[in-house]
Amino acid sequence: MAEIVSLSEAVRQLVRDGDTVALEGFTHLIPVAAGQEIIRQGRLDLTLVRMTPDIVYDQLIGAGCARKLVFSWGGNPGVGSLHRFRDAVEHAWPRPLAIEEHSHAGMANRYVAGASGLPFAVLRGYRGTDLVEHTATIREITCPFTGEVLAAVPAINPDVTIVHAQQADHDGNVQMWGITGVQNEAVLAARSSLVTVEEVVERLEPRPGAVVLPSWSITNVAVVPGGAHPSYAHGYSDRDNAYYRHWDAISRDRAEFGRWLDGIRSGHATTAGV
Amino acid sequence: MAEIVSLSEAVRQLVRDGDTVALEGFTHLIPVAAGQEIIRQGRLDLTLVRMTPDIVYDQLIGAGCARKLVFSWGGNPGVGSLHRFRDAVEHAWPRPLAIEEHSHAGMANRYVAGASGLPFAVLRGYRGTDLVEHTATIREITCPFTGEVLAAVPAINPDVTIVHAQQADHDGNVQMWGITGVQNEAVLAARSSLVTVEEVVERLEPRPGAVVLPSWSITNVAVVPGGAHPSYAHGYSDRDNAYYRHWDAISRDRAEFGRWLDGIRSGHATTAGV
Amino acid sequence: MTVDVSYSTDEMMSVAAARRLHGGSRCFVGIGLPSTAANLARATHAPDLVLVYESGTLGAKPGRLPLSIGDGVLADTADSVVTVPEIFNYWLQPGRIDVGFLGAAQIDRFANINTTVVGRYHKPTVRLPGAGGAPEIAASCGEVVVVVRQSPRTFVERVDFVTSIGYGAGPGDRERLGLRGAGPTAVITELGVLQPDLDSRELVLTHLHPGVTVKQAQAATGWPLAVAADLQRSDPPTEHELVVLRRLQASQAEEAE
Amino acid sequence: MTVDVSYSTDEMMSVAAARRLHGGSRCFVGIGLPSTAANLARATHAPDLVLVYESGTLGAKPGRLPLSIGDGVLADTADSVVTVPEIFNYWLQPGRIDVGFLGAAQIDRFANINTTVVGRYHKPTVRLPGAGGAPEIAASCGEVVVVVRQSPRTFVERVDFVTSIGYGAGPGDRERLGLRGAGPTAVITELGVLQPDLDSRELVLTHLHPGVTVKQAQAATGWPLAVAADLQRSDPPTEHELVVLRRLQASQAEEAE
């Protein structure tokens, strides 16, 4: 059964230096507050996994928490580059960042394999692209029935997956709705998991398009209203588009970023950070 | 875009002698009326596919429509054997029935592969069972990353899949809810598809747990209220448990079954058939 | 209210099976005897039991016994309803389920289960329903509990067809096959309980239900049934267990009309 | 209402791209220029266009331009919202999508696309966002339309990194790789339209937008750009196209505040 704890307690318990950590969210329900708590607690040498690393991954990378990024698309959606990510890849600042790069289809299937207890997944993918030669985790596999050659990718099984959802009940069952992306698979693929939620409700009212994660399939729940800011929580908050644009300015400059980081480390609210 | 046609027209257009046909439904929403229309139209040499062949497959087999059954569990749920199925397998009556036998996990993954445009699927399955030696469509596959040996099964891509759903709208979009089993995958795996529905509504109201099949992903829709009888349509009808028990008596005896079949062929209502 | 505290052997079987389920265990439930036992457990001593049915219902809390694996009452009361591919791939296969609860048409001394054919595969004497979810339930659940009525026709030296593996031909076979679950830990019948010997993996008689003799159990077994050194006697059903069991069954019978 | 019928080159590009979409085509839409064009088409001549976004929204009908691939307006207006694994495995991979609408950071004469790095992979001059959904969109859609602003830095002899394959090194490469879709059929820029020559698969100039010269198009291309024998002139945006496009963009800008 999931235990309902504070965010700092959850991060302290579940995220360790050197861990493989996935904070998932597909422009919606991104667990930003949890990512900033990881920065605050000074975790190091993380392997960060995410299909669409955006601002919170830029922050983690800029803060020096990561040694490796496993991903398929890294950008500031609707704005442009992730400058801290680029600085790490292009100039090894503040430290070198290894990358393991896939397509969305490949990453999604890696989570599916992880959630399914399989060591790998098969897809029609990557053919003719230069990803094949640069990414060791793309191999060929031959269909034992037709002889056709397809792509294989290994399962992802993070040490911990963190996602944000709208609601939990008192038993720690979780419900999310709207665009739910690959979060179900990312949670089920992980050895442990944390779900930050907007609120705890008496009863999870069934909703169209909702994904329900039973309490016994997750490790910890933490109540963090607004924990997805600046992304949005369908039914709770809107996307803060200004933050995404402001982040471009902050992240372009190492000194500017350093000031932002000082603010985070000294515990300022994340929204006040811009 | 799906065309809304009559049941007899749809079966005439989509189901041809020798076709591979899947009528799916997992105790819920079983497309029984469509199966009986296939009997009425006298289709022959079908390869019937279904995870859980039950009464309607017993009827199709007894009527001599099938030359092969691909399945994982064949019974009259809560009652006992399928006597027409047993008579075909044990005594080749009314004609021999080839069988290709899997587990539920294997069949489900065969549909998933079919829906995904992949030639095969991988699972942890079948190990230590005698299915491996009797079913040619179970092979081994080695993980290209870990060297682990797993089971592979080929995709199922029926010529036509038939399912029953609660609702369509005038554009032919379909919505089903409750236990939706493997129907989404079975439809997407097929070269053509027919969805019989309880009713056409002005607008598909989003519902918890619903699967929506866009009009452009299916071939035909036919309005057949009660088309899942004696199974049930969540929100529309209850399971007719008496029919399942009556079927046991009818199907035990070839002559009794013959009389039932005459009734069907002469166009009697299916419910009056018992 | 007066309760008839005499009970049938089937009632004793369901009660004994229910007692094997505890706390918040996640239980993958087959229809029929296993479902009766699991629902009885949830309605008595194990209210937090998580019932998982292969139709895709996670955490079903039916108020009556479901009539089929896809009974609407399962969907209506579940924490979540997922697709059939998901239930097998995301929930069963990775080892998230503690106990698999299975029936059998034949079971042998190494707890291998047959639900496929009696006789030869291509020329069967009796064609049975087939595998369903059982092979992967038997492979992937933390442990497996079998509920089955005992007779020499059912309890055979060697099953005609291994639909779901127990301990194969004996010690080490599950490990060699790379199966993750521990395999069958108990076979509950209307006569008693059989459990695998830790060394030989052979099913031995560990419990007799009240009034049953070792001889009766042995006569109902198609191999020379060994008896555990510490053979125990099952407690008879309590009044509460009987009341709840009969209520569950009555509601099922009513629904089945 | 008076409309300013003068228009920007970007407006012409969006209009030209929108015009390539017809009827009930299923269109896999990338964010940015492709999304603008697809929504413009749906709001003008192709109301039955089916917009599919990689966030899992099938048949989205946004009333304004979405700000991101996972904008809530897409979920609110979709026929169905599926998971990200499903959108790629069940909808894109089997070839259910007619048109893939992509952008590019670099594109070469064989319509290969780079969105990964400028420079060497391990020591890039510019690290770009990466592949996203593009490699499999380029492989599996019936055809691919690329919308991108034209310059010699973008239209290069050979891309630094093949993120998404067009025609590889020329004729036969897609077939050899077993790719199902036909590949890029048009590259729409603010200057005109490039299409692959049927024999050589090389991108040639087939349309010029009003007021643009062949010389300008060639100067904006990093390889010696061939010109089609039947070079055509695009019709300028209609008043209706401009009104709708500006309305869409205004509503996006408002939302973005």
# chains A, B, ... in the order shown; residues from 1 in each chain; ligands from 1
$ interface_residues --of "chain A" --to "chain B" --cutoff "12 Å" --atoms "only C-alpha atoms" --output "mmCIF file with C-alpha atoms, in the first residue's frame"
data_model
loop_
_atom_site.group_PDB
_atom_site.id
_atom_site.type_symbol
_atom_site.label_atom_id
_atom_site.label_comp_id
_atom_site.auth_asym_id
_atom_site.auth_seq_id
_atom_site.Cartn_x
_atom_site.Cartn_y
_atom_site.Cartn_z
ATOM 1 C CA ALA A 105 8.347 5.225 -30.136
ATOM 2 C CA ASN A 109 8.226 0.783 -25.844
ATOM 3 C CA VAL A 112 6.153 -0.829 -21.900
ATOM 4 C CA ALA A 113 8.736 -3.605 -21.662
ATOM 5 C CA SER A 116 5.563 -5.829 -18.546
ATOM 6 C CA GLY A 117 8.475 -7.529 -16.833
ATOM 7 C CA LEU A 118 10.111 -8.218 -20.191
ATOM 8 C CA PRO A 119 13.780 -7.540 -20.925
ATOM 9 C CA PHE A 120 13.099 -5.888 -24.279
ATOM 10 C CA ALA A 121 10.499 -4.594 -26.721
ATOM 11 C CA VAL A 122 10.154 -4.850 -30.479
ATOM 12 C CA LEU A 123 9.155 -2.061 -32.847
ATOM 13 C CA ARG A 124 9.314 -0.914 -36.438
ATOM 14 C CA GLY A 125 11.650 1.885 -35.778
ATOM 15 C CA ALA A 136 23.983 1.051 -28.161
ATOM 16 C CA THR A 137 20.527 0.234 -26.833
ATOM 17 C CA ILE A 138 19.089 -0.165 -30.326
ATOM 18 C CA ARG A 139 19.639 -3.615 -31.803
ATOM 19 C CA GLU A 140 18.139 -5.814 -34.464
ATOM 20 C CA ILE A 141 15.848 -8.741 -33.872
ATOM 21 C CA THR A 142 14.536 -11.265 -36.357
ATOM 22 C CA CYS A 143 10.935 -12.442 -36.314
ATOM 23 C CA PRO A 144 11.015 -16.201 -35.692
ATOM 24 C CA PHE A 145 7.977 -16.651 -37.937
ATOM 25 C CA THR A 146 8.532 -14.350 -40.925
ATOM 26 C CA GLY A 147 12.267 -13.703 -40.830
ATOM 27 C CA GLU A 148 11.617 -9.985 -40.893
ATOM 28 C CA VAL A 149 14.201 -7.838 -39.146
ATOM 29 C CA LEU A 150 12.910 -5.276 -36.651
ATOM 30 C CA ALA A 151 14.318 -3.031 -33.955
ATOM 31 C CA ALA A 152 14.705 -4.142 -30.349
ATOM 32 C CA VAL A 153 15.172 -1.853 -27.371
ATOM 33 C CA PRO A 154 15.838 -2.888 -23.765
ATOM 34 C CA ALA A 155 13.345 -2.380 -20.966
ATOM 35 C CA GLN A 175 -6.249 8.999 -10.359
ATOM 36 C CA TRP A 177 -6.891 12.221 -16.360
ATOM 37 C CA LEU A 204 -11.991 8.866 -6.524
ATOM 38 C CA GLU A 205 -14.982 9.626 -8.713
ATOM 39 C CA PRO A 206 -14.664 7.596 -11.953
ATOM 40 C CA ARG A 207 -13.909 9.934 -14.841
ATOM 41 C CA PRO A 208 -13.709 9.559 -18.612
ATOM 42 C CA GLY A 209 -10.199 8.841 -19.770
ATOM 43 C CA ALA A 210 -8.827 8.427 -16.269
ATOM 44 C CA VAL A 211 -5.930 6.180 -15.333
ATOM 45 C CA VAL A 212 -6.206 4.748 -11.836
#
$ select_by_dssp --residues "range 25-243 of chain A" --states "strand (DSSP E or B)" --output "PyMOL selection string"
chain A and resi 28+46-50+66-71+76+80+98-101+120-123+139-142+149-154+160-169+174-176+192-201+208+211-213+220-223+232-233+237
$ atom_distance --atom1 "CA of Leu21 in chain C" --atom2 "CA of Leu194 in chain A"
28.4 Å
$ residues_around --residues "Ser251 in chain A" --least-positions-apart "5" --cutoff "8 Å" --atoms "only C-alpha atoms" --output "list in words"
Leu82, His83, Arg84, Glu256 and Phe257 of chain A
$ interface_residues --of "chain D" --to "chain A" --cutoff "6 Å" --atoms "only C-alpha atoms" --output "list in words"
Gly70, Ala75, Thr83, Val84, Pro85, Phe88, Arg127, Pro129, Gly130, Ala131, Gly132, Gly133, Glu136, Val162, Thr163, Ser164, Ile165 and Ala256 of chain D
$ write_last_selection --atoms "all heavy atoms" --output "mmCIF file, in the first residue's frame"
data_model
loop_
_atom_site.group_PDB
_atom_site.id
_atom_site.type_symbol
_atom_site.label_atom_id
_atom_site.label_comp_id
_atom_site.auth_asym_id
_atom_site.auth_seq_id
_atom_site.Cartn_x
_atom_site.Cartn_y
_atom_site.Cartn_z
ATOM 1 N N GLY D 70 0.852 18.663 -26.071
ATOM 2 C CA GLY D 70 -0.007 18.087 -25.050
ATOM 3 C C GLY D 70 -0.929 19.122 -24.439
ATOM 4 O O GLY D 70 -1.340 19.012 -23.289
ATOM 5 N N ALA D 75 -6.951 17.343 -25.702
ATOM 6 C CA ALA D 75 -7.668 16.279 -24.994
ATOM 7 C C ALA D 75 -9.154 16.601 -24.904
ATOM 8 O O ALA D 75 -10.007 15.731 -25.089
ATOM 9 C CB ALA D 75 -7.080 16.095 -23.597
ATOM 10 N N THR D 83 -3.022 6.416 -24.745
ATOM 11 C CA THR D 83 -1.715 6.610 -24.133
ATOM 12 C C THR D 83 -0.658 6.820 -25.214
ATOM 13 O O THR D 83 -0.894 6.553 -26.395
ATOM 14 C CB THR D 83 -1.319 5.391 -23.289
ATOM 15 O OG1 THR D 83 -1.105 4.274 -24.160
ATOM 16 C CG2 THR D 83 -2.404 5.031 -22.277
ATOM 17 N N VAL D 84 0.496 7.277 -24.789
ATOM 18 C CA VAL D 84 1.587 7.488 -25.739
ATOM 19 C C VAL D 84 2.053 6.158 -26.362
ATOM 20 O O VAL D 84 2.255 6.101 -27.581
ATOM 21 C CB VAL D 84 2.732 8.283 -25.067
ATOM 22 C CG1 VAL D 84 4.028 8.166 -25.864
ATOM 23 C CG2 VAL D 84 2.320 9.756 -24.960
ATOM 24 N N PRO D 85 2.209 5.075 -25.585
ATOM 25 C CA PRO D 85 2.538 3.816 -26.268
ATOM 26 C C PRO D 85 1.493 3.427 -27.319
ATOM 27 O O PRO D 85 1.845 2.973 -28.408
ATOM 28 C CB PRO D 85 2.571 2.791 -25.124
ATOM 29 C CG PRO D 85 2.922 3.582 -23.913
ATOM 30 C CD PRO D 85 2.279 4.926 -24.121
ATOM 31 N N PHE D 88 1.708 5.445 -30.689
ATOM 32 C CA PHE D 88 2.790 4.998 -31.571
ATOM 33 C C PHE D 88 2.585 3.563 -32.057
ATOM 34 O O PHE D 88 2.789 3.267 -33.228
ATOM 35 C CB PHE D 88 4.151 5.157 -30.878
ATOM 36 C CG PHE D 88 4.598 6.587 -30.838
ATOM 37 C CD1 PHE D 88 4.480 7.345 -29.678
ATOM 38 C CD2 PHE D 88 5.102 7.200 -31.975
ATOM 39 C CE1 PHE D 88 4.855 8.688 -29.657
ATOM 40 C CE2 PHE D 88 5.482 8.531 -31.970
ATOM 41 C CZ PHE D 88 5.365 9.278 -30.802
ATOM 42 N N ARG D 127 23.497 21.527 -30.193
ATOM 43 C CA ARG D 127 22.717 20.359 -29.787
ATOM 44 C C ARG D 127 21.234 20.706 -29.972
ATOM 45 O O ARG D 127 20.714 21.606 -29.315
ATOM 46 C CB ARG D 127 23.040 20.018 -28.327
ATOM 47 C CG ARG D 127 22.164 18.919 -27.713
ATOM 48 C CD ARG D 127 22.360 17.569 -28.384
ATOM 49 N NE ARG D 127 21.073 16.976 -28.702
ATOM 50 C CZ ARG D 127 20.891 15.683 -28.971
ATOM 51 N NH1 ARG D 127 21.938 14.849 -28.981
ATOM 52 N NH2 ARG D 127 19.706 15.232 -29.267
ATOM 53 N N PRO D 129 16.985 19.459 -30.285
ATOM 54 C CA PRO D 129 16.147 18.690 -29.340
ATOM 55 C C PRO D 129 16.179 17.177 -29.517
ATOM 56 O O PRO D 129 15.962 16.438 -28.558
ATOM 57 C CB PRO D 129 14.730 19.227 -29.629
ATOM 58 C CG PRO D 129 14.933 20.593 -30.174
ATOM 59 C CD PRO D 129 16.194 20.509 -30.973
ATOM 60 N N GLY D 130 16.424 16.697 -30.722
ATOM 61 C CA GLY D 130 16.439 15.253 -30.909
ATOM 62 C C GLY D 130 15.272 14.770 -31.743
ATOM 63 O O GLY D 130 14.595 15.546 -32.418
ATOM 64 N N ALA D 131 15.025 13.464 -31.669
ATOM 65 C CA ALA D 131 14.150 12.793 -32.628
ATOM 66 C C ALA D 131 12.668 13.005 -32.351
ATOM 67 O O ALA D 131 11.873 13.221 -33.258
ATOM 68 C CB ALA D 131 14.455 11.302 -32.634
ATOM 69 N N GLY D 132 12.265 12.910 -31.091
ATOM 70 C CA GLY D 132 10.837 12.908 -30.795
ATOM 71 C C GLY D 132 10.153 11.797 -31.567
ATOM 72 O O GLY D 132 10.688 10.692 -31.709
ATOM 73 N N GLY D 133 8.982 12.101 -32.104
ATOM 74 C CA GLY D 133 8.247 11.074 -32.842
ATOM 75 C C GLY D 133 8.660 10.944 -34.296
ATOM 76 O O GLY D 133 8.179 10.047 -35.000
ATOM 77 N N GLU D 136 9.732 7.581 -36.711
ATOM 78 C CA GLU D 136 8.683 6.624 -37.052
ATOM 79 C C GLU D 136 7.546 7.286 -37.824
ATOM 80 O O GLU D 136 6.877 6.629 -38.617
ATOM 81 C CB GLU D 136 8.182 5.923 -35.785
ATOM 82 C CG GLU D 136 9.181 4.877 -35.235
ATOM 83 C CD GLU D 136 10.380 5.472 -34.521
ATOM 84 O OE1 GLU D 136 10.260 6.619 -34.039
ATOM 85 O OE2 GLU D 136 11.441 4.817 -34.460
ATOM 86 N N VAL D 162 21.157 11.955 -39.742
ATOM 87 C CA VAL D 162 19.837 11.553 -40.244
ATOM 88 C C VAL D 162 18.961 11.170 -39.039
ATOM 89 O O VAL D 162 19.079 10.087 -38.486
ATOM 90 C CB VAL D 162 19.902 10.367 -41.229
ATOM 91 C CG1 VAL D 162 18.487 9.966 -41.684
ATOM 92 C CG2 VAL D 162 20.766 10.712 -42.433
ATOM 93 N N THR D 163 18.123 12.106 -38.619
ATOM 94 C CA THR D 163 17.182 11.804 -37.537
ATOM 95 C C THR D 163 15.986 11.041 -38.100
ATOM 96 O O THR D 163 15.509 10.078 -37.504
ATOM 97 C CB THR D 163 16.681 13.104 -36.888
ATOM 98 O OG1 THR D 163 17.791 13.950 -36.611
ATOM 99 C CG2 THR D 163 15.911 12.808 -35.617
ATOM 100 N N SER D 164 15.504 11.500 -39.264
ATOM 101 C CA SER D 164 14.325 10.894 -39.890
ATOM 102 C C SER D 164 14.637 10.750 -41.361
ATOM 103 O O SER D 164 15.008 11.718 -42.024
ATOM 104 C CB SER D 164 13.110 11.813 -39.719
ATOM 105 O OG SER D 164 12.947 12.161 -38.363
ATOM 106 N N ILE D 165 14.461 9.546 -41.856
ATOM 107 C CA ILE D 165 14.886 9.310 -43.228
ATOM 108 C C ILE D 165 13.859 9.818 -44.229
ATOM 109 O O ILE D 165 12.645 9.700 -44.025
ATOM 110 C CB ILE D 165 15.198 7.817 -43.457
ATOM 111 C CG1 ILE D 165 15.921 7.649 -44.791
ATOM 112 C CG2 ILE D 165 13.932 6.969 -43.360
ATOM 113 C CD1 ILE D 165 16.600 6.311 -44.942
ATOM 114 N N ALA D 256 -1.343 32.240 -24.796
ATOM 115 C CA ALA D 256 0.041 32.120 -24.316
ATOM 116 C C ALA D 256 0.395 33.154 -23.263
ATOM 117 O O ALA D 256 1.428 33.070 -22.616
ATOM 118 C CB ALA D 256 1.008 32.230 -25.499
#
$ residues_around --residues "Ile113 in chain C" --least-positions-apart "2" --cutoff "8 Å" --atoms "only C-alpha atoms" --output "number ranges by chain"
C: 104-108, 111, 115, 159, 161-166
$ select_by_dssp --residues "range 41-231 of chain C" --states "helix (DSSP H, G or I)" --output "PyMOL selection string"
chain C and resi 41-43+72-77+84-92+134-140+173-177+214-219
$ write_last_selection --atoms "N, CA, C and O atoms" --output "compact mmCIF listing (two decimals), in the first residue's frame"
# COMPACT_ATOMS: atom_id res chain seq x y z
N ALA C 41 -13.17 -15.23 1.66
CA ALA C 41 -12.08 -14.66 2.47
C ALA C 41 -12.26 -13.15 2.63
O ALA C 41 -12.11 -12.60 3.72
N ARG C 42 -12.59 -12.49 1.52
CA ARG C 42 -12.73 -11.03 1.57
C ARG C 42 -13.90 -10.62 2.44
O ARG C 42 -13.88 -9.58 3.10
N ALA C 43 -14.93 -11.48 2.47
CA ALA C 43 -16.13 -11.15 3.24
C ALA C 43 -16.00 -11.57 4.71
O ALA C 43 -16.89 -11.28 5.51
N GLY C 72 -20.56 -8.15 -14.84
CA GLY C 72 -20.60 -6.70 -14.71
C GLY C 72 -20.33 -6.20 -13.30
O GLY C 72 -19.81 -5.10 -13.11
N VAL C 73 -20.67 -7.02 -12.30
CA VAL C 73 -20.47 -6.59 -10.92
C VAL C 73 -18.97 -6.41 -10.62
O VAL C 73 -18.59 -5.61 -9.76
N LEU C 74 -18.13 -7.11 -11.35
CA LEU C 74 -16.68 -6.95 -11.16
C LEU C 74 -16.24 -5.57 -11.65
O LEU C 74 -15.48 -4.87 -10.98
N ALA C 75 -16.71 -5.18 -12.83
CA ALA C 75 -16.36 -3.87 -13.38
C ALA C 75 -16.92 -2.76 -12.50
O ALA C 75 -16.24 -1.76 -12.22
N ASP C 76 -18.15 -2.94 -12.04
CA ASP C 76 -18.81 -1.88 -11.26
C ASP C 76 -18.11 -1.61 -9.93
O ASP C 76 -18.21 -0.51 -9.39
N THR C 77 -17.45 -2.63 -9.38
CA THR C 77 -16.89 -2.48 -8.03
C THR C 77 -15.36 -2.42 -8.02
O THR C 77 -14.76 -2.35 -6.95
N VAL C 84 -7.65 -6.65 -21.38
CA VAL C 84 -7.10 -8.00 -21.19
C VAL C 84 -5.59 -8.05 -21.47
O VAL C 84 -4.85 -8.65 -20.70
N PRO C 85 -5.10 -7.43 -22.55
CA PRO C 85 -3.64 -7.41 -22.70
C PRO C 85 -2.93 -6.80 -21.50
O PRO C 85 -1.91 -7.30 -21.04
N GLU C 86 -3.49 -5.72 -20.96
CA GLU C 86 -2.85 -5.08 -19.80
C GLU C 86 -2.85 -5.98 -18.56
O GLU C 86 -1.88 -6.02 -17.82
N ILE C 87 -3.97 -6.66 -18.33
CA ILE C 87 -4.02 -7.47 -17.11
C ILE C 87 -2.95 -8.54 -17.16
O ILE C 87 -2.28 -8.82 -16.15
N PHE C 88 -2.72 -9.11 -18.32
CA PHE C 88 -1.69 -10.15 -18.42
C PHE C 88 -0.29 -9.55 -18.49
O PHE C 88 0.63 -10.04 -17.84
N ASN C 89 -0.12 -8.48 -19.27
CA ASN C 89 1.23 -7.95 -19.48
C ASN C 89 1.72 -7.05 -18.35
O ASN C 89 2.87 -7.14 -17.93
N TYR C 90 0.85 -6.16 -17.88
CA TYR C 90 1.30 -5.17 -16.89
C TYR C 90 1.13 -5.67 -15.46
O TYR C 90 1.77 -5.17 -14.55
N TRP C 91 0.19 -6.58 -15.24
CA TRP C 91 -0.14 -6.92 -13.86
C TRP C 91 0.26 -8.33 -13.48
O TRP C 91 0.85 -8.55 -12.42
N LEU C 92 -0.01 -9.32 -14.33
CA LEU C 92 0.36 -10.69 -13.99
C LEU C 92 1.84 -10.97 -14.29
O LEU C 92 2.58 -11.43 -13.41
N ALA C 134 -4.41 -19.83 -17.14
CA ALA C 134 -3.71 -20.61 -16.12
C ALA C 134 -2.20 -20.78 -16.32
O ALA C 134 -1.45 -20.69 -15.34
N PRO C 135 -1.70 -21.03 -17.53
CA PRO C 135 -0.25 -21.27 -17.64
C PRO C 135 0.59 -20.13 -17.08
O PRO C 135 1.57 -20.36 -16.36
N GLU C 136 0.18 -18.89 -17.39
CA GLU C 136 0.96 -17.76 -16.92
C GLU C 136 0.64 -17.40 -15.47
O GLU C 136 1.50 -16.88 -14.76
N ILE C 137 -0.56 -17.72 -15.01
CA ILE C 137 -0.86 -17.56 -13.58
C ILE C 137 0.04 -18.51 -12.79
O ILE C 137 0.68 -18.12 -11.80
N ALA C 138 0.12 -19.75 -13.26
CA ALA C 138 0.94 -20.75 -12.56
C ALA C 138 2.43 -20.38 -12.58
O ALA C 138 3.17 -20.71 -11.66
N ALA C 139 2.84 -19.69 -13.64
CA ALA C 139 4.26 -19.34 -13.76
C ALA C 139 4.63 -18.10 -12.97
O ALA C 139 5.71 -18.02 -12.38
N SER C 140 3.73 -17.11 -12.93
CA SER C 140 4.12 -15.76 -12.52
C SER C 140 3.64 -15.31 -11.15
O SER C 140 4.17 -14.34 -10.60
N ASP C 173 12.99 -28.21 -11.43
CA ASP C 173 12.42 -27.96 -12.75
C ASP C 173 11.93 -26.52 -12.93
O ASP C 173 12.16 -25.90 -13.97
N ARG C 174 11.26 -25.97 -11.94
CA ARG C 174 10.80 -24.58 -12.06
C ARG C 174 11.99 -23.64 -12.22
O ARG C 174 11.96 -22.71 -13.03
N GLU C 175 13.01 -23.88 -11.44
CA GLU C 175 14.20 -23.03 -11.49
C GLU C 175 14.84 -23.12 -12.88
O GLU C 175 15.23 -22.12 -13.47
N ARG C 176 14.98 -24.35 -13.39
CA ARG C 176 15.56 -24.54 -14.72
C ARG C 176 14.77 -23.79 -15.79
O ARG C 176 15.34 -23.28 -16.75
N LEU C 177 13.47 -23.75 -15.63
CA LEU C 177 12.62 -23.07 -16.61
C LEU C 177 12.60 -21.55 -16.41
O LEU C 177 12.00 -20.82 -17.20
N VAL C 214 -7.38 -40.74 6.69
CA VAL C 214 -6.25 -40.83 5.77
C VAL C 214 -6.58 -41.80 4.64
O VAL C 214 -6.29 -41.56 3.47
N LYS C 215 -7.20 -42.89 5.02
CA LYS C 215 -7.56 -43.91 4.03
C LYS C 215 -8.47 -43.33 2.94
O LYS C 215 -8.27 -43.59 1.76
N GLN C 216 -9.45 -42.55 3.37
CA GLN C 216 -10.35 -41.94 2.39
C GLN C 216 -9.56 -41.02 1.43
O GLN C 216 -9.78 -41.03 0.23
N ALA C 217 -8.67 -40.25 2.00
CA ALA C 217 -7.88 -39.34 1.17
C ALA C 217 -7.01 -40.14 0.21
O ALA C 217 -6.88 -39.80 -0.98
N GLN C 218 -6.41 -41.21 0.71
CA GLN C 218 -5.56 -42.02 -0.16
C GLN C 218 -6.37 -42.71 -1.26
O GLN C 218 -5.92 -42.81 -2.40
N ALA C 219 -7.57 -43.16 -0.89
CA ALA C 219 -8.43 -43.82 -1.88
C ALA C 219 -8.87 -42.85 -2.97
O ALA C 219 -9.18 -43.26 -4.10
$ closest_residue --among "B:Val15, B:Ile55, B:Ser266, B:Thr135" --to "His229 in chain B" --atoms "only C-alpha atoms"
B:Ile55
$ closest_residue --among "A:Ala92, A:Met176, A:Trp216, A:Ile162" --to "Ser25 in chain C" --atoms "only C-alpha atoms"
A:Trp216
$ closest_residue --among "D:Leu33, D:Asp79, D:Leu40, D:Arg120" --to "Gly172 in chain B" --atoms "only C-alpha atoms"
D:Asp79
